[in-house]
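What follows is a short report on a single structure.
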Amino acid sequence: MDGVRVRPMREDDLPFTERASAATFLEADRATRRVSDPQPEPRSATAARQWVERMRFLLRVDPGGCWVAVDSRQQSGDVVGFAISQNRERLWYLATYGVLPSHQGQGIGKRLMDAALAHAEGRAGIFFSSAHPGATRRYRLAGFSLHPQMRMVGTVDRSTLPAVDGLREGRADDVEWMDALDRRLRVAGHGPDHGYLLDSLRLMVSRDRRKPGYVYIDDRGRASLLAAAHPETAQRLLWEALAASQGRTLVNCITASNEWAIDVGLAARLDIGQEGYLAVRGMAVPANYLAGGHFL
Ligand SMILES: CC(C)(COP(=O)(O)OP(=O)(O)OC[C@H]1O[C@@H](n2cnc3c(N)ncnc32)[C@H](O)[C@@H]1OP(=O)(O)O)[C@@H](O)C(=O)NCCC(=O)NCCS
């Protein structure tokens, strides 16, 4: 499209990219909302700050995977699209991707995706896809398999919570075995992402090193990233997160390979729904694994 340039992202693009992301996903949430869903809310100031800090971290770790589209006909700094991806060992992941509604359907998304994918250099790939028809079309054309995902919402019936044993708080010196577990489940360790997550979220791990597993739990008590070698460990970790939940909670990114999570959610009296896809290329869909937000 004339006047729109796709170029590597810089730190001074972050606030403009955050605004573009907030507007893009609010509109996408509105367009795909089911009648039973609550009205999507604009991103809060706190969430906006967290988004900028998280993307600043990714930009510093692997800037070659981070791209923006800028419309030169508008004010300087006018970011109209973004694709933020990262390489970790043999894995490429796409943390976030979008084009402003006013600029969609003009080929900008394809150019951003081409730039981010060139950075992958043949690595395996993983990311979430919304159900947006332009998004799913673009991903399948780029060679990704689309695996439908479920998500569970509701307020945990606390009378169902079991006494969870065999877990302890995680520490920085757990990261080495956590990376080894990641490699078994999703090709590559999270590497520096664990450092970032440890600083911002609560980490719980399995005490039994023969049955390793971990979960990051956010300040609302939601499981943000969960990995385990065995489904029983994964279930204990998810119960731990559900016990920490406050009010209405959400467990998402559940593929059919993760029915252990459905069994926990149903026992806790959460409701199952369907939401988007997990897109993978060059790897199997991870089992005993719930990918987390921007970190997959
Ligand atoms: C997904 C998204 C980034 C694509 O960006 P875009 O600039 O609109 O994409 P393009 O114009 O390059 O089009 C991509 C492909 O999808 C098609 N397409 C675009 N919008 C479409 C629509 N509403 N319905 C069907 N196909 C559509 C295009 O024809 C194109 O296919 P082609 O290359 O074979 O012609 C953008 O639509 C978006 O931000 N959506 C909302 C947020 C979102 O879902 N992000 C992805 C989250 S994982």
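Chain lettering (A, B, ...) mirrors the order of the structure tokens, residue numbering begins at 1 for each chain separately, and ligand numbering begins at 1 in order of display.
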Exercise for review: List all protein, DNA and RNA residues that have any atom at most 9 Å from ligand 1, counting only C-alpha atoms and all ligand atoms, and write the list as an MDAnalysis selection string.
Suggested key: chainID A and resid 21 24:29 81:83 94:101 103:113 127:139 141 276:277
**Study point:** Contact residues around Leu197 of chain A with only C-alpha atoms at 10 Å, ignoring same-chain residues under 4 positions, as a ChimeraX atom specification
**Key:** /A:54,190,192-193,201-203,216-218,224-225,295
Selection above as a file: N, CA, C and O atoms, as a PDB file, in the first residue's frame:
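Contents of the output file out.pdb:
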```
ATOM      1  N   ARG A  54       6.579  -5.333  28.639  1.00  0.00           N
ATOM      2  CA  ARG A  54       6.770  -6.680  28.116  1.00  0.00           C
ATOM      3  C   ARG A  54       7.364  -6.633  26.702  1.00  0.00           C
ATOM      4  O   ARG A  54       8.301  -7.354  26.383  1.00  0.00           O
ATOM      5  N   HIS A 190      12.275 -21.687  27.358  1.00  0.00           N
ATOM      6  CA  HIS A 190      11.853 -20.272  27.311  1.00  0.00           C
ATOM      7  C   HIS A 190      13.029 -19.330  27.541  1.00  0.00           C
ATOM      8  O   HIS A 190      12.917 -18.128  27.278  1.00  0.00           O
ATOM      9  N   PRO A 192      15.415 -16.611  28.384  1.00  0.00           N
ATOM     10  CA  PRO A 192      15.276 -15.338  29.110  1.00  0.00           C
ATOM     11  C   PRO A 192      13.840 -15.020  29.519  1.00  0.00           C
ATOM     12  O   PRO A 192      13.624 -14.260  30.471  1.00  0.00           O
ATOM     13  N   ASP A 193      12.860 -15.613  28.832  1.00  0.00           N
ATOM     14  CA  ASP A 193      11.458 -15.346  29.202  1.00  0.00           C
ATOM     15  C   ASP A 193      11.170 -15.800  30.630  1.00  0.00           C
ATOM     16  O   ASP A 193      10.359 -15.185  31.333  1.00  0.00           O
ATOM     17  N   LEU A 201       5.545 -12.607  38.015  1.00  0.00           N
ATOM     18  CA  LEU A 201       4.455 -13.511  38.387  1.00  0.00           C
ATOM     19  C   LEU A 201       4.901 -14.469  39.483  1.00  0.00           C
ATOM     20  O   LEU A 201       6.097 -14.633  39.730  1.00  0.00           O
ATOM     21  N   ARG A 202       3.922 -15.124  40.103  1.00  0.00           N
ATOM     22  CA  ARG A 202       4.237 -16.137  41.113  1.00  0.00           C
ATOM     23  C   ARG A 202       4.486 -17.460  40.398  1.00  0.00           C
ATOM     24  O   ARG A 202       3.722 -17.838  39.509  1.00  0.00           O
ATOM     25  N   LEU A 203       5.558 -18.139  40.797  1.00  0.00           N
ATOM     26  CA  LEU A 203       5.896 -19.425  40.173  1.00  0.00           C
ATOM     27  C   LEU A 203       5.703 -20.547  41.199  1.00  0.00           C
ATOM     28  O   LEU A 203       6.230 -20.468  42.314  1.00  0.00           O
ATOM     29  N   TYR A 216       3.064 -20.471  36.177  1.00  0.00           N
ATOM     30  CA  TYR A 216       3.117 -19.063  36.578  1.00  0.00           C
ATOM     31  C   TYR A 216       1.685 -18.610  36.816  1.00  0.00           C
ATOM     32  O   TYR A 216       0.805 -18.862  35.989  1.00  0.00           O
ATOM     33  N   ILE A 217       1.485 -17.935  37.944  1.00  0.00           N
ATOM     34  CA  ILE A 217       0.133 -17.489  38.315  1.00  0.00           C
ATOM     35  C   ILE A 217       0.144 -15.972  38.425  1.00  0.00           C
ATOM     36  O   ILE A 217       1.012 -15.403  39.104  1.00  0.00           O
ATOM     37  N   ASP A 218      -0.797 -15.313  37.741  1.00  0.00           N
ATOM     38  CA  ASP A 218      -0.765 -13.841  37.756  1.00  0.00           C
ATOM     39  C   ASP A 218      -1.499 -13.286  38.982  1.00  0.00           C
ATOM     40  O   ASP A 218      -2.009 -14.050  39.809  1.00  0.00           O
ATOM     41  N   SER A 224      -0.831 -18.506  33.885  1.00  0.00           N
ATOM     42  CA  SER A 224      -0.362 -17.775  32.700  1.00  0.00           C
ATOM     43  C   SER A 224       0.443 -18.654  31.770  1.00  0.00           C
ATOM     44  O   SER A 224       0.529 -18.375  30.586  1.00  0.00           O
ATOM     45  N   LEU A 225       1.102 -19.664  32.316  1.00  0.00           N
ATOM     46  CA  LEU A 225       1.917 -20.567  31.496  1.00  0.00           C
ATOM     47  C   LEU A 225       2.108 -21.793  32.366  1.00  0.00           C
ATOM     48  O   LEU A 225       2.540 -21.668  33.511  1.00  0.00           O
ATOM     49  N   PHE A 295       3.938 -15.250  25.750  1.00  0.00           N
ATOM     50  CA  PHE A 295       5.187 -16.034  25.813  1.00  0.00           C
ATOM     51  C   PHE A 295       5.094 -17.428  25.221  1.00  0.00           C
ATOM     52  O   PHE A 295       6.112 -18.047  24.936  1.00  0.00           O
TER      53      PHE A 295
END
```
**Study point:** Spatial neighbours of Ser44 of chain A, max dist 10 Å, only C-alpha atoms, sep filter under 5 positions, as a VMD selection string
**Key:** chain A and resid 22 49 to 50
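Among the candidates A:Gly191, A:Pro231, A:Gly154, A:Pro286, the one nearest to Val251 of chain A when counting only C-alpha atoms is A:Gly154.
A straight line drawn from atom CA of Arg236 of chain A to atom CA of Ala47 of chain A is 28.7 Å long.
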Review point. Leaving out Asn252 of chain A and any residue of its chain fewer than 4 positions from it, which residues lie within 8 Å of it when counting only C-alpha atoms, given as a ChimeraX atom specification?
Key: /A:149-152,290
Could the residues in this selection be saved with C-alpha atoms as a short mmCIF file (atom, residue, chain, number, x, y, z; two decimals), in the first residue's frame?
```cif
data_model
loop_
_atom_site.label_atom_id
_atom_site.label_comp_id
_atom_site.auth_asym_id
_atom_site.auth_seq_id
_atom_site.Cartn_x
_atom_site.Cartn_y
_atom_site.Cartn_z
CA GLN A 149 -8.67 -24.04 21.30
CA MET A 150 -11.10 -24.15 24.19
CA ARG A 151 -11.28 -21.81 27.13
CA MET A 152 -13.10 -22.10 30.44
CA LEU A 290 -1.04 -24.35 28.52
#
```
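Candidate residues A:Gln274, A:Ser159, A:Thr255, A:Ser85 were compared for distance to Met9 of chain A, and the nearest is A:Ser85, using only C-alpha atoms.
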Exercise for review: Would you list, as JSON, numbers by chain, the residues of segment 131-227 of chain A that end up in strand (DSSP E) under DSSP run on this structure's backbone?
Suggested key: {"A": [145, 146, 147, 148, 149, 150, 151, 152, 153, 154, 155, 167, 168, 169, 202, 203, 204, 205, 206, 213, 214, 215, 216, 217, 223, 224, 225, 226, 227]}
Write the residues of the preceding selection, restricted to C-alpha atoms, as a compact mmCIF listing (two decimals), in the first residue's frame.
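File written: part_0.txt
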```txt
# COMPACT_ATOMS: atom_id res chain seq x y z
CA SER A 145 -1.64 -25.96 11.12
CA LEU A 146 -4.59 -24.46 12.99
CA HIS A 147 -5.69 -26.31 16.14
CA PRO A 148 -8.97 -25.11 17.67
CA GLN A 149 -8.67 -24.04 21.30
CA MET A 150 -11.10 -24.15 24.19
CA ARG A 151 -11.28 -21.81 27.13
CA MET A 152 -13.10 -22.10 30.44
CA VAL A 153 -14.67 -19.22 32.33
CA GLY A 154 -16.64 -18.78 35.51
CA THR A 155 -16.25 -18.55 39.26
CA LEU A 167 4.16 -28.27 45.13
CA ARG A 168 6.43 -25.47 46.34
CA GLU A 169 7.29 -21.89 45.36
CA ARG A 202 4.24 -16.14 41.11
CA LEU A 203 5.90 -19.42 40.17
CA MET A 204 4.81 -22.78 41.64
CA VAL A 205 6.70 -25.97 40.82
CA SER A 206 6.41 -29.69 41.46
CA GLY A 213 6.10 -29.26 36.20
CA TYR A 214 5.59 -25.54 36.76
CA VAL A 215 2.92 -22.86 36.56
CA TYR A 216 3.12 -19.06 36.58
CA ILE A 217 0.13 -17.49 38.32
CA ALA A 223 -2.52 -19.72 35.18
CA SER A 224 -0.36 -17.78 32.70
CA LEU A 225 1.92 -20.57 31.50
CA LEU A 226 1.80 -24.18 32.65
CA ALA A 227 4.03 -27.10 31.69
```
Review point. What is the distance, in Å and to one decimal place, between atom CA of Glu18 of chain A and atom CA of Trp51 of chain A?
Key: 6.9 Å
Practice item. Give me the residues within 10 Å of Ala180 of chain A as JSON, numbers by chain, counting only C-alpha atoms and dropping any in the same chain fewer than 5 places off. Key: {"A": [175, 185, 187, 188, 189, 190, 191, 212]}
Review point. If you run DSSP on this backbone, which residues of segment 25-242 of chain A come out as helix (DSSP H, G or I), and could you give them as a PyMOL selection string?
Key: chain A and resi 25-32+45-61+63-65+101-103+108-120+133-141+158-160+172-186+192-200+231-242
Review point. Between A:Arg19, A:Arg171, A:Arg222, A:Arg186, which is the closest to Ala287 of chain A once you count only C-alpha atoms?
Key: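 Smallest distance to Ala287 of chain A is found for A:Arg186.
A straight line drawn from atom CA of Ser257 of chain A to atom CA of Val285 of chain A is 7.2 Å long.
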